[in-house]
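Q: If you scroll down you'll find the structure; I have some questions about it.
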Amino acid sequence: MSSDDSLDFDLVVLGGGSGGLAGAFRAAAHGARVALLEPGELGGTCVNVGCVPKKAMWLAAEVSAHVRLAAELGFDVPAHPALDWPTLIASRQRYIHGIHASYLRRLDAAGVMLLPSRGRLLDAHTVECANGTRLRAAHVLLATGSSPRRPRVPGAELAGVSDDFFALCEAPPRVALVGGGYIAVELAGVLQALGSRVDIFARSERLLGHADAELAEALQENYRHQGIGMHFGYSLAAIEGEAGALRLRDADGETSGHYAQVLLAVGRAANTRGIGLEAAGVALDAEGNIVVDAFQRSSVEHVLAVGDVTGQVTLTPVAIAAARRAMDRVFGGQPDAKVDYANIPSVVFAHPPLAAVGLTEAQARERHGDAVRVYRSTFRPMLQALADRPQHSLFKLVCTGAERRVVGLHLLGEGADEILQGFAVALKKGITLDDLHATMAIHPTSAEEVVLMR
């Protein structure tokens, strides 16, 4: 096909995940002619094998835990409630199907051309579809996401990756999770709550290396009470056995098992292969992520990238915000539009959840030295206390300077995921410890601990 036969657009987007869709919608709202290429289901990792189905399973695990609590509080319910997994999965997938349908309606209403195809760059302004159709564009947005990594050890193919969790139709009796990051932590909590016996094998010396160390240790203690086994400083050398009876072998030759399922959660890699980045001259970093500047611009003019493919704060809301700002700049006449990557709140949906915004204590001391002051509250939420359960919450404030400005807020406990959002706004605006003390507490709640810490 000659260039004269190409279809012309203002923007071609590669990838129909959260970032790609947000970019397409925002560009179209500014009047741009947009084409979106996505060979799979719309919504990318988040909607299909990430945030959304993960939260559905987390909620089911929370319901299971609360039914058990109800039995301890005197309700006439089974102490060990049974879950009909097919019913839960059908509900989960029905919800996800509704999201897919909503995206299709919105794309149609916005006038975005959806092409169910992979695409690759031929140059900075030309994208070729899998069937050979060529699209010409003034700008290209790369939002192809990431995929789970597999360690290069013998037998790795016997294990599943984190995405495979969502294909389970029942709780495996014994599960090994390899990895100590947020994905391993979240899946471990869900599986243990829904009936599996779970062991975590982490190369690091603790869970959640990105989190405040004190909260990570408190979460580990809660997980031990829940019966989750944890093995730190673990070096996986091989996976052995056969389906349903797998063993892990470490670098010293010691074996652990037998496990009905082994899930690998050792990180994700940017989907940059096979999309023509070399042909276009788009630069990658040592980890294979697309290098972008503060405005999401790649090394090639008119080629932008957002989301997991850049390796920048790989959270769905960040990808959405980055895409919208980029389109506001390119098509909306806002030359300074960009994402502020400081103080981005995040949540690990563990049991209980761990939510954080700002600096950890270690980061704050590295930056501010002796000017750092730390305040903490350890307590049992009322529901746990009523049932005489050992689960504890830990809330922590990291402050600096004579004015005791809050530079970090870290919450481990029931409701932490919902509590943090409002306080994240306050931290972004420069709140101080005195501001918190001047705020009346809502009693009795877990959230009141944030304004009562001294």
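Numbering starts fresh at 1 for the residues of each chain in the structure tokens, the chains themselves are lettered A, B, ... in the order given, and ligands are numbered from 1 as they appear.
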Which residues come within 10 Å of Ile419 (chain A), counting only C-alpha atoms, excluding same-chain residues fewer than 2 positions away, as a PyMOL selection string?
A: chain A and resi 355+411+413-417+421-424+446-448+450
Q: Can you write out the residues you just picked, keeping C-alpha atoms, as a PDB file, in the first residue's frame?
A:
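What follows is the written file part.pdb:
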```pdb
ATOM      1  CA  ALA A 355      -2.259   2.943  52.030  1.00  0.00           C
ATOM      2  CA  LEU A 411      -1.905   3.657  57.089  1.00  0.00           C
ATOM      3  CA  GLY A 413      -5.644  -1.174  58.740  1.00  0.00           C
ATOM      4  CA  GLU A 414      -9.302  -1.611  57.941  1.00  0.00           C
ATOM      5  CA  GLY A 415     -10.611   1.238  55.809  1.00  0.00           C
ATOM      6  CA  ALA A 416      -7.139   2.608  55.062  1.00  0.00           C
ATOM      7  CA  ASP A 417      -7.883   2.556  51.329  1.00  0.00           C
ATOM      8  CA  GLN A 421      -7.865   9.893  49.650  1.00  0.00           C
ATOM      9  CA  GLY A 422      -8.931  12.987  51.581  1.00  0.00           C
ATOM     10  CA  PHE A 423      -5.737  13.155  53.598  1.00  0.00           C
ATOM     11  CA  ALA A 424      -3.736  12.883  50.363  1.00  0.00           C
ATOM     12  CA  SER A 446     -10.078   4.377  62.804  1.00  0.00           C
ATOM     13  CA  ALA A 447      -9.693   7.595  60.798  1.00  0.00           C
ATOM     14  CA  GLU A 448      -9.709   9.722  63.943  1.00  0.00           C
ATOM     15  CA  VAL A 450      -4.786  10.502  62.057  1.00  0.00           C
TER      16      VAL A 450
END
```
Q: Might you pull out every residue within 8 Å of Val374 (chain A), with only C-alpha atoms counted and same-chain residues fewer than 5 positions away left off, and present them as number ranges by chain?
A: A: 361, 396-399
Q: Have a look at CA of Asp123 (chain A) and CA of Val306 (chain A) and let me know their distance in Å, one decimal.
A: 18.7 Å
Q: Can you list, as an MDAnalysis selection string, every protein, DNA or RNA residue that comes within 12 Å of region 107-117 of chain A when you count only C-alpha atoms, leaving out same-chain residues fewer than 4 positions away?
A: chainID A and resid 7:16 20:42 100:103 127:135 275
Q: Find the nearest atom pair between each residue of region 375-445 of chain A and region 64-68 of chain A for residues within 10 Å, count only C-alpha atoms, give distances in Å to one decimal, sort rows by chain and ascending number, and present the table as a tab-separated table.
A:
```
residue	atom	partner	partner_atom	distance
A:Leu383	CA	A:His66	CA	9.4
A:Gln384	CA	A:His66	CA	10.0
A:Ala387	CA	A:Arg68	CA	9.9
```
Q: Please produce a file of the residues just selected, as an mmCIF file, in the first residue's frame, where the atoms kept are N, CA and C atoms.
A:
```cif
data_model
loop_
_atom_site.group_PDB
_atom_site.id
_atom_site.type_symbol
_atom_site.label_atom_id
_atom_site.label_comp_id
_atom_site.auth_asym_id
_atom_site.auth_seq_id
_atom_site.Cartn_x
_atom_site.Cartn_y
_atom_site.Cartn_z
ATOM 1 N N LEU A 383 -14.045 -3.656 65.498
ATOM 2 C CA LEU A 383 -14.608 -4.951 65.117
ATOM 3 C C LEU A 383 -13.662 -6.079 65.490
ATOM 4 N N GLN A 384 -12.368 -5.882 65.274
ATOM 5 C CA GLN A 384 -11.390 -6.906 65.641
ATOM 6 C C GLN A 384 -11.329 -7.073 67.159
ATOM 7 N N ALA A 387 -14.291 -9.065 68.558
ATOM 8 C CA ALA A 387 -14.133 -10.500 68.334
ATOM 9 C C ALA A 387 -12.874 -11.045 68.999
#
```
Q: Can you list every residue in region 101-243 of chain A that DSSP puts in strand (DSSP E), as number ranges by chain?
A: A: 113-115, 119-123, 126-129, 134-142, 146-148, 160-161, 174-178, 197-201, 229-231, 236-242
Q: Hey, can you spit out that residue selection with C-alpha atoms as a short mmCIF file (atom, residue, chain, number, x, y, z; two decimals), in the first residue's frame?
A:
```cif
data_model
loop_
_atom_site.label_atom_id
_atom_site.label_comp_id
_atom_site.auth_asym_id
_atom_site.auth_seq_id
_atom_site.Cartn_x
_atom_site.Cartn_y
_atom_site.Cartn_z
CA MET A 113 -12.08 4.80 15.15
CA LEU A 114 -11.42 1.50 16.97
CA LEU A 115 -9.27 -1.00 15.08
CA GLY A 119 0.09 -1.82 15.35
CA ARG A 120 3.73 -1.03 14.74
CA LEU A 121 5.54 2.15 13.91
CA LEU A 122 7.13 2.45 10.50
CA ASP A 123 8.32 5.96 11.32
CA THR A 126 3.13 6.04 10.18
CA VAL A 127 1.53 3.08 11.94
CA GLU A 128 0.94 -0.23 10.21
CA CYS A 129 -1.87 -2.55 11.29
CA ARG A 134 -1.27 2.07 7.15
CA LEU A 135 -2.36 5.01 9.24
CA ARG A 136 -0.74 8.43 8.99
CA ALA A 137 -0.84 10.63 12.08
CA ALA A 138 0.47 13.98 13.20
CA HIS A 139 1.04 12.42 16.63
CA VAL A 140 1.33 8.87 18.00
CA LEU A 141 0.56 7.86 21.59
CA LEU A 142 2.16 4.61 22.82
CA SER A 146 3.22 -4.35 30.47
CA SER A 147 3.22 -8.11 31.01
CA PRO A 148 4.28 -10.37 33.91
CA GLY A 160 1.49 -19.54 36.44
CA VAL A 161 2.03 -15.80 36.42
CA ARG A 174 -1.79 -25.10 48.68
CA VAL A 175 -0.26 -22.16 46.81
CA ALA A 176 3.29 -20.85 46.57
CA LEU A 177 3.68 -17.21 45.59
CA VAL A 178 7.14 -16.24 44.36
CA ARG A 197 -2.90 -22.37 52.40
CA VAL A 198 -0.38 -19.85 51.12
CA ASP A 199 3.40 -19.51 51.33
CA ILE A 200 5.27 -16.45 50.07
CA PHE A 201 8.85 -16.86 48.82
CA GLY A 229 3.93 -18.64 55.54
CA MET A 230 6.73 -16.23 54.61
CA HIS A 231 10.24 -17.09 53.46
CA LEU A 236 14.56 -19.64 43.45
CA ALA A 237 16.70 -22.09 41.45
CA ALA A 238 14.06 -24.35 39.89
CA ILE A 239 10.44 -25.47 39.90
CA GLU A 240 10.03 -29.24 39.82
CA GLY A 241 7.32 -31.88 39.76
CA GLU A 242 4.10 -32.00 37.77
#
```
Q: I'd like to know which of A:Glu157, A:Asn289, A:Gly307, A:His443 is closest to Ala270 (chain A), using only C-alpha atoms.
A: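 Closest to Ala270 (chain A) of all the choices is A:Asn289.
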Q: Extract, using only C-alpha atoms, all DNA, RNA and protein residues at most 10 Å from Ser235 (chain A), discarding same-chain residues fewer than 5 positions from it, and format them as number ranges by chain.
A: A: 178, 201-204, 248-252
Q: Can those selected residues be exported to a file as an mmCIF file, in the first residue's frame so that it contains N, CA and C atoms?
A:
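Final output, result_29.cif:
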```
data_model
loop_
_atom_site.group_PDB
_atom_site.id
_atom_site.type_symbol
_atom_site.label_atom_id
_atom_site.label_comp_id
_atom_site.auth_asym_id
_atom_site.auth_seq_id
_atom_site.Cartn_x
_atom_site.Cartn_y
_atom_site.Cartn_z
ATOM 1 N N VAL A 178 5.741 -16.636 44.451
ATOM 2 C CA VAL A 178 7.141 -16.242 44.357
ATOM 3 C C VAL A 178 7.192 -14.742 44.101
ATOM 4 N N PHE A 201 7.403 -16.694 48.935
ATOM 5 C CA PHE A 201 8.848 -16.855 48.824
ATOM 6 C C PHE A 201 9.404 -15.586 48.177
ATOM 7 N N ALA A 202 10.075 -14.762 48.976
ATOM 8 C CA ALA A 202 10.529 -13.456 48.515
ATOM 9 C C ALA A 202 12.049 -13.380 48.529
ATOM 10 N N ARG A 203 12.616 -12.835 47.474
ATOM 11 C CA ARG A 203 14.065 -12.650 47.408
ATOM 12 C C ARG A 203 14.528 -11.590 48.405
ATOM 13 N N SER A 204 13.681 -10.613 48.667
ATOM 14 C CA SER A 204 14.012 -9.535 49.597
ATOM 15 C C SER A 204 13.931 -10.038 51.033
ATOM 16 N N LEU A 248 9.394 -26.203 44.948
ATOM 17 C CA LEU A 248 10.369 -25.152 44.690
ATOM 18 C C LEU A 248 11.723 -25.612 45.215
ATOM 19 N N ARG A 249 12.775 -25.381 44.415
ATOM 20 C CA ARG A 249 14.129 -25.687 44.872
ATOM 21 C C ARG A 249 14.920 -24.401 44.915
ATOM 22 N N ASP A 250 15.616 -24.178 46.035
ATOM 23 C CA ASP A 250 16.368 -22.940 46.171
ATOM 24 C C ASP A 250 17.827 -23.123 45.752
ATOM 25 N N ALA A 251 18.609 -22.049 45.879
ATOM 26 C CA ALA A 251 19.998 -22.075 45.413
ATOM 27 C C ALA A 251 20.850 -23.044 46.212
ATOM 28 N N ASP A 252 20.419 -23.414 47.429
ATOM 29 C CA ASP A 252 21.163 -24.373 48.245
ATOM 30 C C ASP A 252 20.706 -25.806 48.036
#
```
Q: Could you jot down the CA of Leu191 (chain A) to CA of Gly209 (chain A) separation for me, Å, one decimal place?
A: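 Interatomic distance here is 21.6 Å.
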Q: Go through A:Leu394, A:Leu207, A:Ala260, A:Ala213 one by one, measure the shortest atom-to-atom distance of each to Pro172 (chain A) using only C-alpha atoms, and give the residue with the smallest value.
A: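 Checking each of A:Leu394, A:Leu207, A:Ala260, A:Ala213 against Pro172 (chain A), counting only C-alpha atoms, the winner is A:Ala260.
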Q: Using only C-alpha atoms, which of the listed residues (A:Thr314, A:Ala184, A:Gly233, A:Arg297) sits closest to Ala269 (chain A)?
A: A:Thr314
Q: Please identify the helix (DSSP H, G or I) residues within region 181-299 of chain A (assignment by DSSP from backbone atoms) and present them as a PyMOL selection string.
A: chain A and resi 182-193+213-226+277-280
Q: Of the candidates A:Val190, A:Arg373, A:Met453, A:Leu386, which shows the shortest atom-to-atom distance to Gly74 (chain A), using only C-alpha atoms?
A: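 The closest residue to Gly74 (chain A) is A:Leu386.
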Q: Name all residues at most 10 Å from Lys338 (chain A) (count only C-alpha atoms; drop same-chain ones fewer than 5 positions away) and give them as a PyMOL selection string.
A: chain A and resi 293-296+321-329
Q: Write out as an NGL selection string the residues lying within 10 Å of Gly358 (chain A), counting only C-alpha atoms and excluding same-chain residues fewer than 5 positions away.
A: :A and (342-346 or 363-364 or 397-398 or 406-410 or 424 or 427-428)
Q: Given only C-alpha atoms as the basis, pick out the residue of A:Thr360, A:Ser299, A:Gln334, A:Ser162 nearest to Gly267 (chain A).
A: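 Looking at the shortest contact to Gly267 (chain A), the residue is A:Ser162.
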Q: Provide the CA of Gly179 (chain A) to CA of Leu263 (chain A) distance in Å, to one decimal place.
A: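 Spanning CA of Gly179 (chain A) to CA of Leu263 (chain A) is a straight-line distance of 8.9 Å.
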